[in-house]
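Novice: One structure, pasted below without further comment.
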Amino acid sequence: MKRLEYRGYDSVGITTISGNKLFVKKDKGKIDEVHKKLDLDDLPGSVGIGHTRWATHGVPSLLNAHPHFDCTGQVAVVHNGVIDNFLELRQELAERGHVFNSETDTEVIPHMIEEHLRQGCSLAAALKHVTTRIHGTYAIVAMSTSEPDKIVCTRDGNPLVIGRGMNASYVSSDIPAFLPMTNRIILLLDGEIAIITATEVTIEKLSDGAPVVRDVVKISWTADQAQKGGFPHFMLKEIHEQPDAIRNTLRLRPDVIRRGAELLSDAARIFLLAMGTSGHAAMAARYMFSSLARTVPTFELASDFADIVGRTLTDQDCIVAITQSGETTDTISAVKYARSFGTHVLAITNVVGSSITRLADHVVITQAGPEIGVAATKTFMVQLTSLAQIALALGEMKGVLDADVLQDKRKALEAVPDIVSNVISLQEERARRLAGFYYDAPSLLFLGRGISIATAREGALKLKEIAYNHAEAYSAGESKHGPIALVEPGYPVIFVAPRDETHSKIVGNVMEMKARGASIVSVIDSSDQEIAHLSDHVFAVPSGVPAEFSVMPYVVPLQLFSYYVARRKGYDPDKPRNLAKSVTVL
Ligand code: F6R
């Protein structure tokens, strides 16, 4: 459960079965806090379910913490997702005498199971009946004293994966939870139910009860990758892992990249869909595709794609869905919607077997290894890496660049891991010092031009997410059309200003801000004396990175700055408030 805490951390609970009785410990708070109070390890039995919650229905509280129970206290359920029609179901159940203890949508499930068990159903049959009545997205795990050796689970739209160990079985919403015990996984798909004992896993289709034969898949992630390995936080460890993550992604099989590029070369229109940090990778990709393949895809937030573009989609279009988790509901819903028009889908994700992988014509699995910190860092790097590879392959396919130019770009991409490594080692101390200088700034402005708008946006997002400073990012070109009104003496403005075609224009923007007394921090090429002289503080990046790949090294000082601001303010960068690692609600 500790290894799953990054998915939700406002309350925690565990129920076990022993001697035909359920035992429960749960409360509001992070696992460590609740464990200190209740000793969560001290529960009898070897069959159990647990949950860390990210509140949707009902405030974080003891009563709203999972697991939830039926009236008899014999059935326990944990659930991720949202049951859209729970109010109607709750009312029906209440009319039949059921008593509810929480405000959650989840609690209808154990009460419905209770009714079916009373009618003589097995636990699995009872859960099957429940799925015919509930609408929404869910991953549900249930157990009952009537069948004390098993747990049953089902999913629709929310992740759930089964692990097979030696005389032990596990089920979890994410692989790292059981990685120290096993790396042998069985995927459970939407519309299937699994009946799990210590020694056996049986899967059936919900629709007709047909048995499903599913192979065990061995995954390459190791338990060590999901530990902090001497770093105080996962986020810092993951920032330091970025050079290797890029290197490993550069080793993706060329045919995997080429197939992705082929899908795009056949498309009438290309839409990049993503949310949050993945959206920033998409913004950077627009520049990469424009520069390397003379193609300009449209970037749309997945959450708004159907509303804005939806009605115009055809089977000639292609979507590139970028999602590290592969489970973001906004992105999955947009892709499902587009598929109904026959639109093609290329997915870029870091998680084997995640929901997006089953919706795409072709999948590129990035090689960051497990990312535990809620704020995305190394998964952002590998998204950029694979998008750069696809842009290069598309450029080659279309023959728009000279072979020599392409060759130089490829070589430059190969050099990025070492440059990122250099930035981490030379700029971390400076980031820590500047965090001490700016940590209490109520607001900061991040500016860039061209591809660096994506870098600026990612820098501002990181700071907001984990350090809770207000931060806004703009195109430096746009800054004088409004945001400059915010600037008064001492106001921090962060410039991302590599030496690319935007350089002379951004020098002008730095001067404008300086003339108004802004306190200027810039991320610049190490040879850039001009901006260095105009700035109060600089982060220097080695020369020679082409603009197309500049986001990778230039974002690193901003990741480190946010991390150290969060620490300076006493926040846990791995568990920012109100955020979860995969956002599986609309
Ligand atoms: C930012 C962050 C989020 C995610 C967003 C999309 O640090 O982690 O903004 O980038 O929720 O998540 P994925 O990539 O899993 O679709």
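Residue numbering restarts at 1 in every chain; chains get A, B, ... in the order shown in the structure tokens, and ligands count up from 1 in that same order.
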Counting only C-alpha atoms and all ligand atoms, name the residues that have an atom within 9 Å of an atom of ligand 1; the answer should be given as a PyMOL selection string.

Specialist: chain A and resi 274-280+321-332+349-350+373-377+379-380+458+461-462+465-466+579-583

Novice: Store the residues of this selection in a file with N, CA, C and O atoms, as a compact mmCIF listing (two decimals), in the first residue's frame.

Specialist:
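New file selection-v6.txt:
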```txt
# COMPACT_ATOMS: atom_id res chain seq x y z
N ALA A 274 -3.35 15.04 -25.16
CA ALA A 274 -2.70 14.72 -23.89
C ALA A 274 -3.22 15.69 -22.83
O ALA A 274 -3.96 16.62 -23.14
N MET A 275 -2.80 15.46 -21.59
CA MET A 275 -3.13 16.36 -20.48
C MET A 275 -1.86 16.68 -19.69
O MET A 275 -0.92 15.88 -19.67
N GLY A 276 -1.87 17.80 -19.01
CA GLY A 276 -0.80 18.15 -18.07
C GLY A 276 0.57 18.13 -18.72
O GLY A 276 0.78 18.65 -19.83
N THR A 277 1.50 17.50 -18.04
CA THR A 277 2.87 17.43 -18.52
C THR A 277 2.95 16.76 -19.89
O THR A 277 3.72 17.18 -20.77
N SER A 278 2.15 15.73 -20.09
CA SER A 278 2.15 15.06 -21.40
C SER A 278 1.72 16.05 -22.48
O SER A 278 2.17 15.97 -23.63
N GLY A 279 0.85 16.99 -22.12
CA GLY A 279 0.44 18.04 -23.05
C GLY A 279 1.63 18.93 -23.42
O GLY A 279 1.73 19.41 -24.55
N HIS A 280 2.53 19.13 -22.46
CA HIS A 280 3.71 19.95 -22.78
C HIS A 280 4.64 19.21 -23.74
O HIS A 280 5.28 19.82 -24.59
N ALA A 321 -1.91 9.87 -29.02
CA ALA A 321 -2.32 10.01 -27.62
C ALA A 321 -1.09 9.82 -26.75
O ALA A 321 -0.44 8.78 -26.81
N ILE A 322 -0.77 10.85 -25.96
CA ILE A 322 0.45 10.81 -25.14
C ILE A 322 0.02 10.76 -23.67
O ILE A 322 -0.62 11.69 -23.18
N THR A 323 0.33 9.68 -23.00
CA THR A 323 -0.07 9.53 -21.60
C THR A 323 0.88 8.58 -20.90
O THR A 323 0.95 7.41 -21.28
N GLN A 324 1.62 9.09 -19.92
CA GLN A 324 2.61 8.21 -19.28
C GLN A 324 1.93 7.03 -18.62
O GLN A 324 2.40 5.90 -18.72
N SER A 325 0.81 7.26 -17.93
CA SER A 325 0.14 6.18 -17.19
C SER A 325 -0.64 5.26 -18.13
O SER A 325 -0.89 4.10 -17.82
N GLY A 326 -1.07 5.81 -19.25
CA GLY A 326 -1.95 5.05 -20.15
C GLY A 326 -3.35 4.91 -19.60
O GLY A 326 -4.16 4.14 -20.13
N GLU A 327 -3.67 5.63 -18.53
CA GLU A 327 -4.96 5.44 -17.87
C GLU A 327 -5.76 6.73 -17.72
O GLU A 327 -6.87 6.69 -17.21
N THR A 328 -5.20 7.89 -18.08
CA THR A 328 -5.89 9.16 -17.87
C THR A 328 -7.25 9.15 -18.57
O THR A 328 -7.32 8.99 -19.79
N THR A 329 -8.30 9.31 -17.79
CA THR A 329 -9.64 9.15 -18.35
C THR A 329 -9.92 10.17 -19.44
O THR A 329 -10.57 9.84 -20.44
N ASP A 330 -9.44 11.40 -19.26
CA ASP A 330 -9.67 12.41 -20.31
C ASP A 330 -9.11 11.92 -21.65
O ASP A 330 -9.75 12.08 -22.70
N THR A 331 -7.93 11.35 -21.60
CA THR A 331 -7.28 10.92 -22.84
C THR A 331 -7.94 9.66 -23.39
O THR A 331 -8.21 9.56 -24.60
N ILE A 332 -8.23 8.71 -22.51
CA ILE A 332 -8.87 7.46 -22.95
C ILE A 332 -10.23 7.77 -23.58
O ILE A 332 -10.58 7.24 -24.64
N THR A 349 3.07 5.65 -24.37
CA THR A 349 2.82 5.47 -22.94
C THR A 349 4.00 4.76 -22.30
O THR A 349 4.81 4.14 -22.99
N ASN A 350 4.05 4.85 -20.97
CA ASN A 350 5.17 4.21 -20.26
C ASN A 350 4.76 2.89 -19.62
O ASN A 350 5.58 2.23 -19.01
N GLY A 373 6.95 9.34 -8.16
CA GLY A 373 6.64 10.73 -7.80
C GLY A 373 5.43 11.19 -8.60
O GLY A 373 5.32 10.90 -9.79
N VAL A 374 4.52 11.88 -7.92
CA VAL A 374 3.30 12.30 -8.62
C VAL A 374 3.63 13.28 -9.75
O VAL A 374 3.06 13.22 -10.84
N ALA A 375 4.59 14.16 -9.50
CA ALA A 375 4.96 15.12 -10.55
C ALA A 375 5.80 14.39 -11.60
O ALA A 375 6.84 13.80 -11.29
N ALA A 376 5.35 14.44 -12.83
CA ALA A 376 6.05 13.72 -13.90
C ALA A 376 7.37 14.40 -14.22
O ALA A 376 7.43 15.62 -14.38
N THR A 377 8.44 13.64 -14.30
CA THR A 377 9.74 14.18 -14.71
C THR A 377 10.35 13.27 -15.78
O THR A 377 10.41 13.63 -16.95
N THR A 379 9.22 10.59 -17.11
CA THR A 379 8.29 10.17 -18.17
C THR A 379 8.12 11.27 -19.21
O THR A 379 7.90 11.00 -20.39
N PHE A 380 8.24 12.54 -18.77
CA PHE A 380 8.21 13.66 -19.71
C PHE A 380 9.40 13.56 -20.67
O PHE A 380 9.26 13.69 -21.89
N GLU A 458 6.05 23.81 -18.57
CA GLU A 458 6.35 22.69 -17.69
C GLU A 458 7.00 23.19 -16.39
O GLU A 458 6.69 22.69 -15.30
N LEU A 461 4.24 24.61 -14.28
CA LEU A 461 3.35 23.55 -13.76
C LEU A 461 4.01 22.84 -12.59
O LEU A 461 3.38 22.60 -11.55
N LYS A 462 5.29 22.51 -12.74
CA LYS A 462 6.00 21.79 -11.66
C LYS A 462 5.94 22.62 -10.37
O LYS A 462 5.68 22.10 -9.30
N GLU A 465 2.42 22.68 -8.89
CA GLU A 465 2.02 21.36 -8.41
C GLU A 465 2.60 21.00 -7.06
O GLU A 465 1.89 20.50 -6.20
N ILE A 466 3.91 21.19 -6.91
CA ILE A 466 4.52 20.62 -5.71
C ILE A 466 4.89 21.68 -4.67
O ILE A 466 5.08 21.35 -3.52
N LEU A 579 -3.57 16.11 -5.79
CA LEU A 579 -3.18 15.50 -7.07
C LEU A 579 -3.00 14.00 -6.90
O LEU A 579 -2.72 13.52 -5.82
N ALA A 580 -3.15 13.28 -8.01
CA ALA A 580 -2.90 11.83 -7.99
C ALA A 580 -2.12 11.48 -9.24
O ALA A 580 -2.14 12.21 -10.22
N LYS A 581 -1.44 10.34 -9.19
CA LYS A 581 -0.55 9.97 -10.28
C LYS A 581 -1.31 9.68 -11.57
O LYS A 581 -0.90 10.06 -12.64
N SER A 582 -2.40 8.93 -11.45
CA SER A 582 -3.21 8.83 -12.66
C SER A 582 -4.59 9.34 -12.36
O SER A 582 -5.19 8.97 -11.34
N VAL A 583 -5.08 10.20 -13.23
CA VAL A 583 -6.34 10.87 -12.97
C VAL A 583 -7.42 10.12 -13.73
O VAL A 583 -7.59 10.31 -14.93
```

Novice: Within 10 Å of A:Glu414, counting only C-alpha atoms, which residues qualify if same-chain residues fewer than 4 places away don't, as a PyMOL selection string?

Specialist: chain A and resi 246-247+250-251+385+408-410+418-419

Novice: With all heavy atoms retained, export the selected residues as a PDB file, in the first residue's frame.

Specialist:
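Once written, again.pdb looks like this:
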```
ATOM      1  N   ILE A 246      16.282   8.361 -20.985  1.00  0.00           N
ATOM      2  CA  ILE A 246      16.381   8.784 -22.395  1.00  0.00           C
ATOM      3  C   ILE A 246      17.188   7.750 -23.179  1.00  0.00           C
ATOM      4  O   ILE A 246      16.779   7.307 -24.258  1.00  0.00           O
ATOM      5  CB  ILE A 246      17.046  10.180 -22.523  1.00  0.00           C
ATOM      6  CG1 ILE A 246      16.259  11.219 -21.737  1.00  0.00           C
ATOM      7  CG2 ILE A 246      17.151  10.601 -23.992  1.00  0.00           C
ATOM      8  CD1 ILE A 246      16.964  12.570 -21.607  1.00  0.00           C
ATOM      9  N   ARG A 247      18.332   7.340 -22.591  1.00  0.00           N
ATOM     10  CA  ARG A 247      19.187   6.337 -23.276  1.00  0.00           C
ATOM     11  C   ARG A 247      18.380   5.085 -23.606  1.00  0.00           C
ATOM     12  O   ARG A 247      18.422   4.572 -24.727  1.00  0.00           O
ATOM     13  CB  ARG A 247      20.347   5.932 -22.361  1.00  0.00           C
ATOM     14  CG  ARG A 247      21.570   6.748 -22.609  1.00  0.00           C
ATOM     15  CD  ARG A 247      22.752   6.305 -21.754  1.00  0.00           C
ATOM     16  NE  ARG A 247      23.533   7.494 -21.466  1.00  0.00           N
ATOM     17  CZ  ARG A 247      23.639   8.079 -20.288  1.00  0.00           C
ATOM     18  NH1 ARG A 247      23.057   7.548 -19.225  1.00  0.00           N
ATOM     19  NH2 ARG A 247      24.336   9.188 -20.155  1.00  0.00           N
ATOM     20  N   LEU A 250      16.005   5.637 -26.391  1.00  0.00           N
ATOM     21  CA  LEU A 250      16.675   5.740 -27.700  1.00  0.00           C
ATOM     22  C   LEU A 250      16.987   4.363 -28.276  1.00  0.00           C
ATOM     23  O   LEU A 250      17.220   4.218 -29.469  1.00  0.00           O
ATOM     24  CB  LEU A 250      17.981   6.547 -27.570  1.00  0.00           C
ATOM     25  CG  LEU A 250      17.793   8.054 -27.408  1.00  0.00           C
ATOM     26  CD1 LEU A 250      19.117   8.734 -27.094  1.00  0.00           C
ATOM     27  CD2 LEU A 250      17.163   8.658 -28.661  1.00  0.00           C
ATOM     28  N   ARG A 251      16.958   3.346 -27.377  1.00  0.00           N
ATOM     29  CA  ARG A 251      17.227   1.986 -27.867  1.00  0.00           C
ATOM     30  C   ARG A 251      15.971   1.262 -28.347  1.00  0.00           C
ATOM     31  O   ARG A 251      16.016   0.068 -28.634  1.00  0.00           O
ATOM     32  CB  ARG A 251      17.861   1.144 -26.752  1.00  0.00           C
ATOM     33  CG  ARG A 251      19.297   1.492 -26.561  1.00  0.00           C
ATOM     34  CD  ARG A 251      20.001   0.464 -25.676  1.00  0.00           C
ATOM     35  NE  ARG A 251      21.038   1.142 -24.944  1.00  0.00           N
ATOM     36  CZ  ARG A 251      21.055   1.321 -23.628  1.00  0.00           C
ATOM     37  NH1 ARG A 251      20.115   0.805 -22.863  1.00  0.00           N
ATOM     38  NH2 ARG A 251      22.038   1.987 -23.079  1.00  0.00           N
ATOM     39  N   THR A 385      11.655  12.151 -26.012  1.00  0.00           N
ATOM     40  CA  THR A 385      12.612  11.343 -26.763  1.00  0.00           C
ATOM     41  C   THR A 385      11.904  10.574 -27.875  1.00  0.00           C
ATOM     42  O   THR A 385      12.340  10.583 -29.038  1.00  0.00           O
ATOM     43  CB  THR A 385      13.311  10.328 -25.824  1.00  0.00           C
ATOM     44  OG1 THR A 385      13.811  11.026 -24.696  1.00  0.00           O
ATOM     45  CG2 THR A 385      14.440   9.599 -26.524  1.00  0.00           C
ATOM     46  N   ASP A 408      23.026  14.406 -38.705  1.00  0.00           N
ATOM     47  CA  ASP A 408      23.514  15.281 -37.630  1.00  0.00           C
ATOM     48  C   ASP A 408      22.499  15.378 -36.489  1.00  0.00           C
ATOM     49  O   ASP A 408      22.856  15.387 -35.316  1.00  0.00           O
ATOM     50  CB  ASP A 408      23.764  16.699 -38.171  1.00  0.00           C
ATOM     51  CG  ASP A 408      25.015  16.742 -39.035  1.00  0.00           C
ATOM     52  OD1 ASP A 408      25.744  15.723 -39.063  1.00  0.00           O
ATOM     53  OD2 ASP A 408      25.236  17.775 -39.703  1.00  0.00           O
ATOM     54  N   LYS A 409      21.229  15.457 -36.871  1.00  0.00           N
ATOM     55  CA  LYS A 409      20.179  15.572 -35.840  1.00  0.00           C
ATOM     56  C   LYS A 409      20.146  14.293 -35.004  1.00  0.00           C
ATOM     57  O   LYS A 409      20.005  14.340 -33.786  1.00  0.00           O
ATOM     58  CB  LYS A 409      18.802  15.797 -36.475  1.00  0.00           C
ATOM     59  CG  LYS A 409      18.681  17.085 -37.260  1.00  0.00           C
ATOM     60  CD  LYS A 409      18.464  18.294 -36.368  1.00  0.00           C
ATOM     61  CE  LYS A 409      18.287  19.545 -37.216  1.00  0.00           C
ATOM     62  NZ  LYS A 409      18.348  20.779 -36.499  1.00  0.00           N
ATOM     63  N   ARG A 410      20.244  13.164 -35.670  1.00  0.00           N
ATOM     64  CA  ARG A 410      20.229  11.893 -34.931  1.00  0.00           C
ATOM     65  C   ARG A 410      21.393  11.838 -33.938  1.00  0.00           C
ATOM     66  O   ARG A 410      21.241  11.409 -32.802  1.00  0.00           O
ATOM     67  CB  ARG A 410      20.326  10.709 -35.890  1.00  0.00           C
ATOM     68  CG  ARG A 410      19.005  10.342 -36.518  1.00  0.00           C
ATOM     69  CD  ARG A 410      19.114   8.995 -37.239  1.00  0.00           C
ATOM     70  NE  ARG A 410      18.215   8.933 -38.374  1.00  0.00           N
ATOM     71  CZ  ARG A 410      16.902   8.761 -38.290  1.00  0.00           C
ATOM     72  NH1 ARG A 410      16.345   8.604 -37.106  1.00  0.00           N
ATOM     73  NH2 ARG A 410      16.161   8.738 -39.368  1.00  0.00           N
ATOM     74  N   ASP A 418      23.808  12.673 -22.158  1.00  0.00           N
ATOM     75  CA  ASP A 418      25.005  13.185 -21.466  1.00  0.00           C
ATOM     76  C   ASP A 418      24.838  14.657 -21.103  1.00  0.00           C
ATOM     77  O   ASP A 418      25.313  15.110 -20.060  1.00  0.00           O
ATOM     78  CB  ASP A 418      26.253  13.034 -22.362  1.00  0.00           C
ATOM     79  CG  ASP A 418      26.679  11.575 -22.446  1.00  0.00           C
ATOM     80  OD1 ASP A 418      26.187  10.771 -21.622  1.00  0.00           O
ATOM     81  OD2 ASP A 418      27.463  11.235 -23.352  1.00  0.00           O
ATOM     82  N   ILE A 419      24.167  15.402 -21.969  1.00  0.00           N
ATOM     83  CA  ILE A 419      23.963  16.827 -21.675  1.00  0.00           C
ATOM     84  C   ILE A 419      23.019  16.984 -20.480  1.00  0.00           C
ATOM     85  O   ILE A 419      23.263  17.789 -19.572  1.00  0.00           O
ATOM     86  CB  ILE A 419      23.440  17.558 -22.933  1.00  0.00           C
ATOM     87  CG1 ILE A 419      24.563  17.544 -23.984  1.00  0.00           C
ATOM     88  CG2 ILE A 419      23.012  18.981 -22.621  1.00  0.00           C
ATOM     89  CD1 ILE A 419      24.207  18.112 -25.316  1.00  0.00           C
TER      90      ILE A 419
END
```

Novice: Please measure the separation of atom CA of A:His129 and atom CA of A:Ile17, giving the value in Å to one decimal.

Specialist: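 We find that atom CA of A:His129 and atom CA of A:Ile17 lie 23.3 Å from each other.
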
Novice: Just checking: using only C-alpha atoms, which residue out of A:Leu301, A:Met288, A:Ile134, A:Ala125 ends up closest to A:Asp84?

Specialist: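 Checking each of A:Leu301, A:Met288, A:Ile134, A:Ala125 against A:Asp84, counting only C-alpha atoms, the winner is A:Ile134.
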
Novice: With a distance cut-off of 12 Å and only C-alpha atoms, select the neighbouring residues of A:Tyr170, excluding the residue or stretch itself and same-chain residues fewer than 6 positions from it, and output the selection as a PyMOL selection string.

Specialist: chain A and resi 1+46-50+141+150-153+160-164+176-187+194-201

Novice: Using backbone DSSP assignments, extract all alpha helix (DSSP H) residues from stretch 17-126 of chain A; output them as an MDAnalysis selection string.

Specialist: chainID A and resid 31:38 86:95 108:118 123:126

Novice: Residues near stretch 473-487 of chain A, anyone? I mean within 9 Å using only C-alpha atoms, not counting same-chain ones fewer than 3 positions away, as number ranges by chain.

Specialist: A: 444-450, 452-454, 456-461, 490-493, 495, 505-506, 509-510, 512-513, 516-518

Novice: Closest to A:His135 among A:Arg155, A:His116, A:Lys26, A:His233, using only C-alpha atoms?

Specialist: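 Among the listed residues, A:Arg155 lies closest to A:His135.
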
Novice: For stretch 544-554 of chain A, please output as JSON, numbers by chain all residues within 8 Å (counting only C-alpha atoms; exclusion window: fewer than 6 positions along the same chain).

Specialist: {"A": [284, 287, 288, 291, 381, 384, 388, 409, 412, 413, 416, 419, 420, 423, 451, 452, 454, 455, 496, 498, 499, 500, 523, 524]}
